[in-house]
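Raw start.pdb, PDB, C-alpha atoms, pLDDT in the B column:
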```pdb
MODEL        1
ATOM      1  CA  SER T   1       0.450  37.365   1.420  1.00 50.00           C
ATOM      2  CA  ARG T   2      -2.763  35.663   0.394  1.00 60.00           C
ATOM      3  CA  GLU T   3      -1.083  34.150  -2.653  1.00 63.00           C
ATOM      4  CA  ALA T   4       1.532  32.426  -0.509  1.00 58.00           C
ATOM      5  CA  GLU T   5      -1.132  31.262   1.944  1.00 57.00           C
ATOM      6  CA  TYR T   6      -3.098  29.457  -0.773  1.00 67.00           C
ATOM      7  CA  ALA T   7      -0.164  28.310  -2.926  1.00 75.00           C
ATOM      8  CA  LEU T   8      -0.625  24.624  -2.089  1.00 79.00           C
ATOM      9  CA  GLU T   9      -4.334  24.566  -2.934  1.00 77.00           C
ATOM     10  CA  ARG T  10      -3.602  24.436  -6.660  1.00 77.00           C
ATOM     11  CA  GLN T  11      -1.059  21.634  -6.399  1.00 87.00           C
ATOM     12  CA  VAL T  12      -1.175  17.857  -6.835  1.00 90.00           C
ATOM     13  CA  ALA T  13       0.996  15.512  -4.781  1.00 91.00           C
ATOM     14  CA  ILE T  14       1.771  11.899  -5.562  1.00 90.00           C
ATOM     15  CA  VAL T  15       2.605  10.184  -2.292  1.00 93.00           C
ATOM     16  CA  THR T  16       4.229   6.766  -2.583  1.00 89.00           C
ATOM     17  CA  GLY T  17       4.075   4.372   0.343  1.00 90.00           C
ATOM     18  CA  ALA T  18       0.783   6.007   1.317  1.00 93.00           C
ATOM     19  CA  ALA T  19      -0.869   2.834   2.624  1.00 93.00           C
ATOM     20  CA  SER T  20       0.494   3.358   6.134  1.00 94.00           C
ATOM     21  CA  GLY T  21       2.946   5.152   8.384  1.00 96.00           C
ATOM     22  CA  LEU T  22       4.737   8.251   7.157  1.00 96.00           C
ATOM     23  CA  GLY T  23       3.286   7.936   3.651  1.00 95.00           C
ATOM     24  CA  ALA T  24      -0.295   7.974   4.952  1.00 97.00           C
ATOM     25  CA  ALA T  25       0.491  10.831   7.329  1.00 97.00           C
ATOM     26  CA  THR T  26       2.116  12.816   4.514  1.00 96.00           C
ATOM     27  CA  ALA T  27      -0.866  12.276   2.212  1.00 96.00           C
ATOM     28  CA  LYS T  28      -3.275  13.450   4.916  1.00 97.00           C
ATOM     29  CA  MET T  29      -1.096  16.468   5.749  1.00 95.00           C
ATOM     30  CA  PHE T  30      -1.044  17.560   2.111  1.00 94.00           C
ATOM     31  CA  ALA T  31      -4.816  17.089   1.871  1.00 95.00           C
ATOM     32  CA  ASP T  32      -5.295  19.217   4.987  1.00 93.00           C
ATOM     33  CA  GLU T  33      -3.405  21.999   3.174  1.00 91.00           C
ATOM     34  CA  GLY T  34      -5.719  21.790   0.155  1.00 91.00           C
ATOM     35  CA  VAL T  35      -3.469  19.714  -2.087  1.00 92.00           C
ATOM     36  CA  LYS T  36      -5.085  17.146  -4.389  1.00 92.00           C
ATOM     37  CA  VAL T  37      -3.502  13.852  -3.404  1.00 93.00           C
ATOM     38  CA  ILE T  38      -2.748  10.693  -5.342  1.00 91.00           C
ATOM     39  CA  THR T  39      -1.961   7.920  -2.889  1.00 92.00           C
ATOM     40  CA  ALA T  40       0.200   5.163  -4.342  1.00 89.00           C
ATOM     41  CA  ASP T  41       1.329   1.839  -2.910  1.00 89.00           C
ATOM     42  CA  ARG T  42       1.526  -1.872  -3.627  1.00 84.00           C
ATOM     43  CA  ALA T  43      -0.929  -2.449  -0.749  1.00 87.00           C
ATOM     44  CA  THR T  44      -3.959  -1.395  -2.773  1.00 86.00           C
ATOM     45  CA  GLU T  45      -6.668  -1.929  -0.165  1.00 91.00           C
ATOM     46  CA  LYS T  46      -4.896   0.054   2.549  1.00 93.00           C
ATOM     47  CA  CYS T  47      -4.024   2.774   0.072  1.00 91.00           C
ATOM     48  CA  ALA T  48      -7.667   3.024  -0.969  1.00 93.00           C
ATOM     49  CA  VAL T  49      -8.677   3.395   2.680  1.00 95.00           C
ATOM     50  CA  VAL T  50      -6.290   6.342   3.107  1.00 96.00           C
ATOM     51  CA  ALA T  51      -7.691   8.004  -0.040  1.00 95.00           C
ATOM     52  CA  ASP T  52     -11.250   7.387   1.200  1.00 96.00           C
ATOM     53  CA  GLU T  53     -10.393   8.949   4.575  1.00 97.00           C
ATOM     54  CA  ILE T  54      -9.042  12.047   2.830  1.00 97.00           C
ATOM     55  CA  VAL T  55     -12.224  12.361   0.770  1.00 96.00           C
ATOM     56  CA  ALA T  56     -14.389  11.806   3.870  1.00 97.00           C
ATOM     57  CA  ASP T  57     -12.543  14.698   5.531  1.00 97.00           C
ATOM     58  CA  GLY T  58     -13.359  16.979   2.583  1.00 96.00           C
ATOM     59  CA  GLY T  59     -10.176  16.576   0.540  1.00 94.00           C
ATOM     60  CA  GLU T  60      -9.593  15.358  -2.989  1.00 93.00           C
ATOM     61  CA  ALA T  61      -7.774  12.047  -3.424  1.00 94.00           C
ATOM     62  CA  PHE T  62      -7.611   8.814  -5.332  1.00 89.00           C
ATOM     63  CA  PHE T  63      -5.261   5.863  -5.245  1.00 89.00           C
ATOM     64  CA  LEU T  64      -2.941   4.036  -7.615  1.00 86.00           C
ATOM     65  CA  LYS T  65      -1.596   0.529  -7.298  1.00 81.00           C
ATOM     66  CA  LEU T  66       2.173   0.324  -7.660  1.00 78.00           C
ATOM     67  CA  GLU T  67       3.956  -2.765  -8.864  1.00 71.00           C
ATOM     68  CA  SER T  68       7.461  -3.894  -8.105  1.00 65.00           C
ATOM     69  CA  GLN T  69      10.147  -3.155 -10.652  1.00 60.00           C
ATOM     70  CA  ALA T  70      10.919  -6.874 -10.979  1.00 60.00           C
ATOM     71  CA  ARG T  71       7.310  -7.611 -11.933  1.00 64.00           C
ATOM     72  CA  LEU T  72       7.316  -4.838 -14.526  1.00 58.00           C
ATOM     73  CA  ILE T  73      10.616  -6.051 -15.992  1.00 60.00           C
ATOM     74  CA  GLY T  74       9.212  -9.573 -16.158  1.00 62.00           C
ATOM     75  CA  ARG T  75       6.130  -8.349 -18.011  1.00 63.00           C
ATOM     76  CA  ALA T  76       8.250  -6.371 -20.461  1.00 67.00           C
ATOM     77  CA  ARG T  77      10.363  -9.451 -21.212  1.00 67.00           C
ATOM     78  CA  PHE T  78       7.250 -11.562 -21.659  1.00 63.00           C
ATOM     79  CA  ARG T  79       5.744  -9.042 -24.058  1.00 67.00           C
ATOM     80  CA  ARG T  80       8.933  -8.749 -26.107  1.00 67.00           C
ATOM     81  CA  ARG T  81       9.170 -12.521 -26.394  1.00 64.00           C
ATOM     82  CA  PHE T  82       5.542 -13.294 -27.198  1.00 62.00           C
ATOM     83  CA  ARG T  83       4.307 -10.163 -29.003  1.00 60.00           C
ATOM     84  CA  PRO T  84       5.679 -11.316 -32.396  1.00 58.00           C
ATOM     85  CA  MET T  85       3.749 -14.596 -32.040  1.00 50.00           C
ATOM     86  CA  ALA T  86       0.553 -12.768 -31.101  1.00 49.00           C
ATOM     87  CA  ARG T  87       0.900 -10.549 -34.177  1.00 48.00           C
ATOM     88  CA  SER T  88       1.299 -13.533 -36.452  1.00 46.00           C
ATOM     89  CA  ILE T  89      -1.861 -15.164 -35.024  1.00 43.00           C
ATOM     90  CA  TYR T  90      -3.995 -12.117 -35.762  1.00 41.00           C
TER      91      TYR T  90
ENDMDL
END
```
Represent the supplied structure as C-alpha cells.
Amino acid sequence: SREAEYALERQVAIVTGAASGLGAATAKMFADEGVKVITADRATEKCAVVADEIVADGGEAFFLKLESQARLIGRARFRRRFRPMARSIY
C-alpha cells in the first residue's frame, strides 16, 4: 500500500557512531528512504561531513556532538561541588 511505502518519510532517526563506517552508512540509508536524520558522534567534524553529504544529496540531517560518559560524570561532580560556592558569590 502507499501508506506502507511512505511510512519512513515521516520518521526521525538518531544514528550514533555516524562519523564513519556502519553508522555513516546507516545514516545515509535512512536519508535515502526519506527519514530525517540526526547524526551523532564524538568525532564532530566527521559527523558534520556525513550530515552535509546527506543534505547535499537532498535529505534532511544535522549533527550532534556526543561526549563520553566519564566526561559527563566528571562535569556533574564538578557542578555539585562548586555550584554552592557560585551561588554564594552571586
Item to check | Best match for closeness to Ala24 of chain T among T:Ala7, T:Leu64, T:Thr44, T:Thr39, counting all atoms listed in the file | outcome: T:Thr39
Next on the checklist: What's around Glu45 of chain T at 12 Å? Count all atoms listed in the file, leave out sequence neighbours fewer than 2 positions away in its own chain, and write the answer as a list in words.
Outcome noted: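 The neighbour list is Ala18, Ala19, Ser20, Thr39, Ala40, Asp41, Arg42, Ala43, Cys47, Ala48, Val49, Val50, Ala51, Asp52, Phe62, Phe63, Leu64, Lys65 and Leu66 of chain T.
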Specify the axis-aligned box that encloses all atoms of segment 54-60 of chain T listed in the file after padding of 8 Å on each side, stating its centre and edge lengths in Å to one decimal as JSON.
```
{"center_x": -11.7, "center_y": 14.4, "center_z": 1.3, "size_x": 21.3, "size_y": 21.2, "size_z": 24.5}
```
Next on the checklist: Just the number, please: distance in Å from atom CA of Val35 of chain T to atom CA of Ile14 of chain T, one decimal.
Outcome noted: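 Atom CA of Ile14 of chain T lies 10.0 Å from atom CA of Val35 of chain T.
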Next on the checklist: If the PyMOL selection byres ((chain T and resi 58) around 12) were run on this exact file, what residues would it hold? Put them as a list in words.
Outcome noted: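 Selected by the PyMOL selection byres ((chain T and resi 58) around 12) here: Lys28, Ala31, Asp32, Glu33, Gly34, Val35, Lys36, Val37, Ala51, Asp52, Glu53, Ile54, Val55, Ala56, Asp57, Gly59, Glu60 and Ala61 of chain T.
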Item to check | Distance in Å - atom CA of Leu22 of chain T versus atom CA of Leu8 of chain T | outcome: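 Calculated distance between atom CA of Leu22 of chain T and atom CA of Leu8 of chain T is 19.6 Å.
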